[in-house]
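Peer 1: Questions regarding the structure given below will be posed in turn.
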Amino acid sequence: IKKTTTRICSAGSSGTGGSITSENCSAAVEDACEILKARLQPYLTPERTFTEAIRAAMDDQVDLCARGRFLGKPNSLGPAQYQSYGAAMIEAEVDALTGESRIVSAELVIDTGISLNPTVDAGQVQGGFVMALGYLLTEQVEFDHSKNGANVKVGTWEYKPPTAFELPDSFDVTLLPHAPNKQGFLRSKATGEPPLLLGASALFAIKDAIVAMRGDDKPFDLPVPALPSTVHRLCDVDWKRDYTLS
């Protein structure tokens, strides 16, 4: 059954900003488990298996459903009770003649504390990084200010989110080992939004490629998104020069 979440059907719910959803949901599940554990305690005896204990509780009409709740309380450390750390090494290529750029490889390291689920966290890191690639390299929002301010890039013909073709050829994620977080749920750290920041390294790698192409140290700005037309202009191509790769 699909039902829109509202304050009526989900009374007292909190927001999900700041990558807190996994931690809040996990804490709520833990709270529900503690409730069920207390109800089952009389039936969890050495001579019974867990299945037998559950069957006995059901025979006694014990409610085996519980609702857990978690709402963070004020903390002396403030709203940001810990920091997330990450690092990225990017190899990028730029075609000066067309302005097309490509991320050849991305090596990402992210601090997830003691990961609740390494597979999910690795996926979150990759997803956040690719989201940043779109924001920094391809997704341009444009409005028609001469009329009613309408968004003129309303489809993928004009607005270009990243696709599988924009993924790095080599794309590796390492979760920082041996880094427990005593402030986090089960010593973990959030991984929703922090990996997004690693995408800035891709923009800087492309800028370094442009610098190598220009062959000088003159400062310049690289606007976001770094579209092919912008990259081509900044490469300052000399059409009399031979750009054949040796």
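Identifiers in this document derive from the order of the structure tokens: chains are assigned A, B, ..., residues are numbered from 1 separately in each chain, and ligands are numbered from 1 in order of occurrence.
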I want to know what sits within 9 Å of range 236-242 of chain A, based on only C-alpha atoms, with residues of the same chain fewer than 5 positions away left out; could you give that as a PyMOL selection string?
Peer 2: chain A and resi 96-97+213-214+231
Peer 1: Could those selected residues go to a file with all heavy atoms, as a PDB file, in the first residue's frame?
Peer 2:
```pdb
ATOM      1  N   ALA A  96      41.164  18.954 -26.084  1.00  0.00           N
ATOM      2  CA  ALA A  96      41.201  20.402 -26.287  1.00  0.00           C
ATOM      3  C   ALA A  96      40.453  20.834 -27.540  1.00  0.00           C
ATOM      4  O   ALA A  96      39.935  21.952 -27.606  1.00  0.00           O
ATOM      5  CB  ALA A  96      42.650  20.869 -26.355  1.00  0.00           C
ATOM      6  N   LEU A  97      40.390  19.968 -28.550  1.00  0.00           N
ATOM      7  CA  LEU A  97      39.759  20.345 -29.817  1.00  0.00           C
ATOM      8  C   LEU A  97      38.241  20.352 -29.725  1.00  0.00           C
ATOM      9  O   LEU A  97      37.575  21.075 -30.472  1.00  0.00           O
ATOM     10  CB  LEU A  97      40.214  19.391 -30.922  1.00  0.00           C
ATOM     11  CG  LEU A  97      41.731  19.361 -31.186  1.00  0.00           C
ATOM     12  CD1 LEU A  97      42.044  18.402 -32.328  1.00  0.00           C
ATOM     13  CD2 LEU A  97      42.248  20.761 -31.493  1.00  0.00           C
ATOM     14  N   MET A 213      47.364  21.870 -20.959  1.00  0.00           N
ATOM     15  CA  MET A 213      47.100  22.130 -22.366  1.00  0.00           C
ATOM     16  C   MET A 213      47.527  23.557 -22.749  1.00  0.00           C
ATOM     17  O   MET A 213      48.144  23.779 -23.800  1.00  0.00           O
ATOM     18  CB  MET A 213      45.605  21.932 -22.622  1.00  0.00           C
ATOM     19  CG  MET A 213      45.141  22.312 -24.003  1.00  0.00           C
ATOM     20  SD  MET A 213      45.932  21.301 -25.263  1.00  0.00           S
ATOM     21  CE  MET A 213      45.904  22.458 -26.629  1.00  0.00           C
ATOM     22  N   ARG A 214      47.246  24.512 -21.872  1.00  0.00           N
ATOM     23  CA  ARG A 214      47.566  25.910 -22.168  1.00  0.00           C
ATOM     24  C   ARG A 214      49.077  26.156 -22.164  1.00  0.00           C
ATOM     25  O   ARG A 214      49.581  27.005 -22.893  1.00  0.00           O
ATOM     26  CB  ARG A 214      46.885  26.813 -21.131  1.00  0.00           C
ATOM     27  CG  ARG A 214      45.383  26.880 -21.292  1.00  0.00           C
ATOM     28  CD  ARG A 214      44.721  27.362 -20.000  1.00  0.00           C
ATOM     29  NE  ARG A 214      45.107  28.710 -19.638  1.00  0.00           N
ATOM     30  CZ  ARG A 214      44.333  29.788 -19.782  1.00  0.00           C
ATOM     31  NH1 ARG A 214      43.118  29.653 -20.310  1.00  0.00           N
ATOM     32  NH2 ARG A 214      44.738  30.975 -19.402  1.00  0.00           N
ATOM     33  N   VAL A 231      35.257  24.372 -21.503  1.00  0.00           N
ATOM     34  CA  VAL A 231      36.582  23.757 -21.466  1.00  0.00           C
ATOM     35  C   VAL A 231      37.344  24.064 -22.756  1.00  0.00           C
ATOM     36  O   VAL A 231      38.532  24.407 -22.735  1.00  0.00           O
ATOM     37  CB  VAL A 231      36.465  22.229 -21.256  1.00  0.00           C
ATOM     38  CG1 VAL A 231      37.824  21.555 -21.411  1.00  0.00           C
ATOM     39  CG2 VAL A 231      35.875  21.936 -19.879  1.00  0.00           C
TER      40      VAL A 231
END
```
Peer 1: Using 9 Å as the limit and counting only C-alpha atoms, can you tabulate each residue of range 61-180 of chain A that touches range 189-205 of chain A, with its shortest atom-to-atom distance in Å and the two atoms involved, as a tab-separated table?
Peer 2:
```
residue	atom	partner	partner_atom	distance
A:Tyr82	CA	A:Lys189	CA	8.3
A:Gln83	CA	A:Lys189	CA	8.6
A:Ser84	CA	A:Pro194	CA	6.6
A:Tyr85	CA	A:Pro194	CA	7.8
A:Gly86	CA	A:Leu198	CA	7.1
A:Ala87	CA	A:Leu198	CA	6.7
A:Ala88	CA	A:Leu198	CA	6.1
A:Met89	CA	A:Ser201	CA	7.3
A:Ile90	CA	A:Ala202	CA	6.0
A:Glu91	CA	A:Ala205	CA	6.6
A:Ala92	CA	A:Ala205	CA	5.8
A:Glu93	CA	A:Ala205	CA	8.5
A:Ile103	CA	A:Ala202	CA	7.2
A:Ala106	CA	A:Ala202	CA	8.4
A:Leu108	CA	A:Leu198	CA	7.7
A:Ile110	CA	A:Pro195	CA	7.2
A:Asp111	CA	A:Lys189	CA	7.3
A:Thr112	CA	A:Lys189	CA	4.6
A:Gly113	CA	A:Lys189	CA	5.1
A:Ile114	CA	A:Lys189	CA	7.3
A:Ser115	CA	A:Lys189	CA	7.1
A:Leu116	CA	A:Lys189	CA	8.5
A:Asp121	CA	A:Thr191	CA	6.2
A:Ala122	CA	A:Thr191	CA	8.7
A:Gln124	CA	A:Gly192	CA	6.1
A:Val125	CA	A:Pro195	CA	5.2
A:Gln126	CA	A:Pro195	CA	7.7
A:Gly127	CA	A:Leu196	CA	8.2
A:Gly128	CA	A:Leu196	CA	4.4
A:Phe129	CA	A:Leu196	CA	5.0
A:Val130	CA	A:Gly199	CA	7.4
A:Met131	CA	A:Leu196	CA	6.8
A:Ala132	CA	A:Gly199	CA	4.9
A:Leu133	CA	A:Gly199	CA	5.9
A:Tyr135	CA	A:Gly199	CA	8.9
A:Leu136	CA	A:Leu203	CA	6.7
A:Leu137	CA	A:Leu203	CA	7.4
A:Pro180	CA	A:Lys189	CA	8.6
```
Peer 1: So which residues of range 30-100 of chain A fall under alpha helix (DSSP H) by DSSP, listed as a list in words?
Peer 2: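 Of range 30-100 of chain A, only Glu30, Asp31, Ala32, Cys33, Glu34, Ile35, Leu36, Lys37, Ala38, Arg39, Leu40, Phe50, Thr51, Glu52, Ala53, Ile54, Arg55, Ala56, Ala57, Met58 and Asp59 of chain A fall in alpha helix (DSSP H).
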Peer 1: Give me the residues within 7 Å of range 160-167 of chain A as an NGL selection string, counting only C-alpha atoms and dropping any in the same chain fewer than 2 places off.
Peer 2: :A and (134 or 138-139 or 156 or 158 or 169)
Peer 1: Let me see the file: selected residues, C-alpha atoms, as a PDB file, in the first residue's frame.
Peer 2:
```pdb
ATOM      1  CA  GLY A 134      26.753  15.756 -12.827  1.00  0.00           C
ATOM      2  CA  THR A 138      27.221  18.402 -17.092  1.00  0.00           C
ATOM      3  CA  GLU A 139      24.042  19.624 -15.383  1.00  0.00           C
ATOM      4  CA  THR A 156      17.429  15.340 -21.060  1.00  0.00           C
ATOM      5  CA  GLU A 158      18.942  20.074 -22.856  1.00  0.00           C
ATOM      6  CA  ASP A 169      36.861   3.696 -16.345  1.00  0.00           C
TER       7      ASP A 169
END
```
Peer 1: So that I can check the surroundings of Gly72 in chain A, please list as a count of residues only every protein, DNA and RNA residue that reaches within 8 Å of it, counting only C-alpha atoms and ignoring chain neighbours fewer than 2 positions away.
Peer 2: 3
Peer 1: Between CA of Ala56 in chain A and CA of Cys33 in chain A, what is the distance in Å, rounded to a tenth?
Peer 2: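 Distance reported for this atom pair: 18.3 Å.
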Peer 1: Give the strand (DSSP E) residues of range 109-230 of chain A, as DSSP finds them on the backbone, and put them as a list in words.
Peer 2: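 Result set for range 109-230 of chain A (strand (DSSP E)): Val109, Ile110, Phe143, Asp144, Ala150, Asn151, Ser170, Phe171, Asp172, Val173, Thr174 and Leu175 of chain A.
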Peer 1: My list of candidates is A:Phe143, A:Ile206, A:Gly68, A:Thr51. Which is closest to Ala27 in chain A when distances are computed with only C-alpha atoms?
Peer 2: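 Under the stated criterion, the closest residue is A:Gly68.
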Peer 1: To one decimal place in Å, what is the distance between CA of Val211 in chain A and CA of Cys235 in chain A?
Peer 2: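 These two atoms are separated by 7.7 Å.
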Peer 1: When distances are computed from only C-alpha atoms, which of A:Val224, A:His178, A:Val94, A:Asn117 shows the smallest separation from Ile210 in chain A?
Peer 2: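 Comparing A:Val224, A:His178, A:Val94, A:Asn117 against Ile210 in chain A, the winner is A:Val94.
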Peer 1: Hey, can you check how far CA of Ala28 in chain A sits from CA of Arg55 in chain A?
Peer 2: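 Going from CA of Ala28 in chain A over to CA of Arg55 in chain A covers 25.3 Å.
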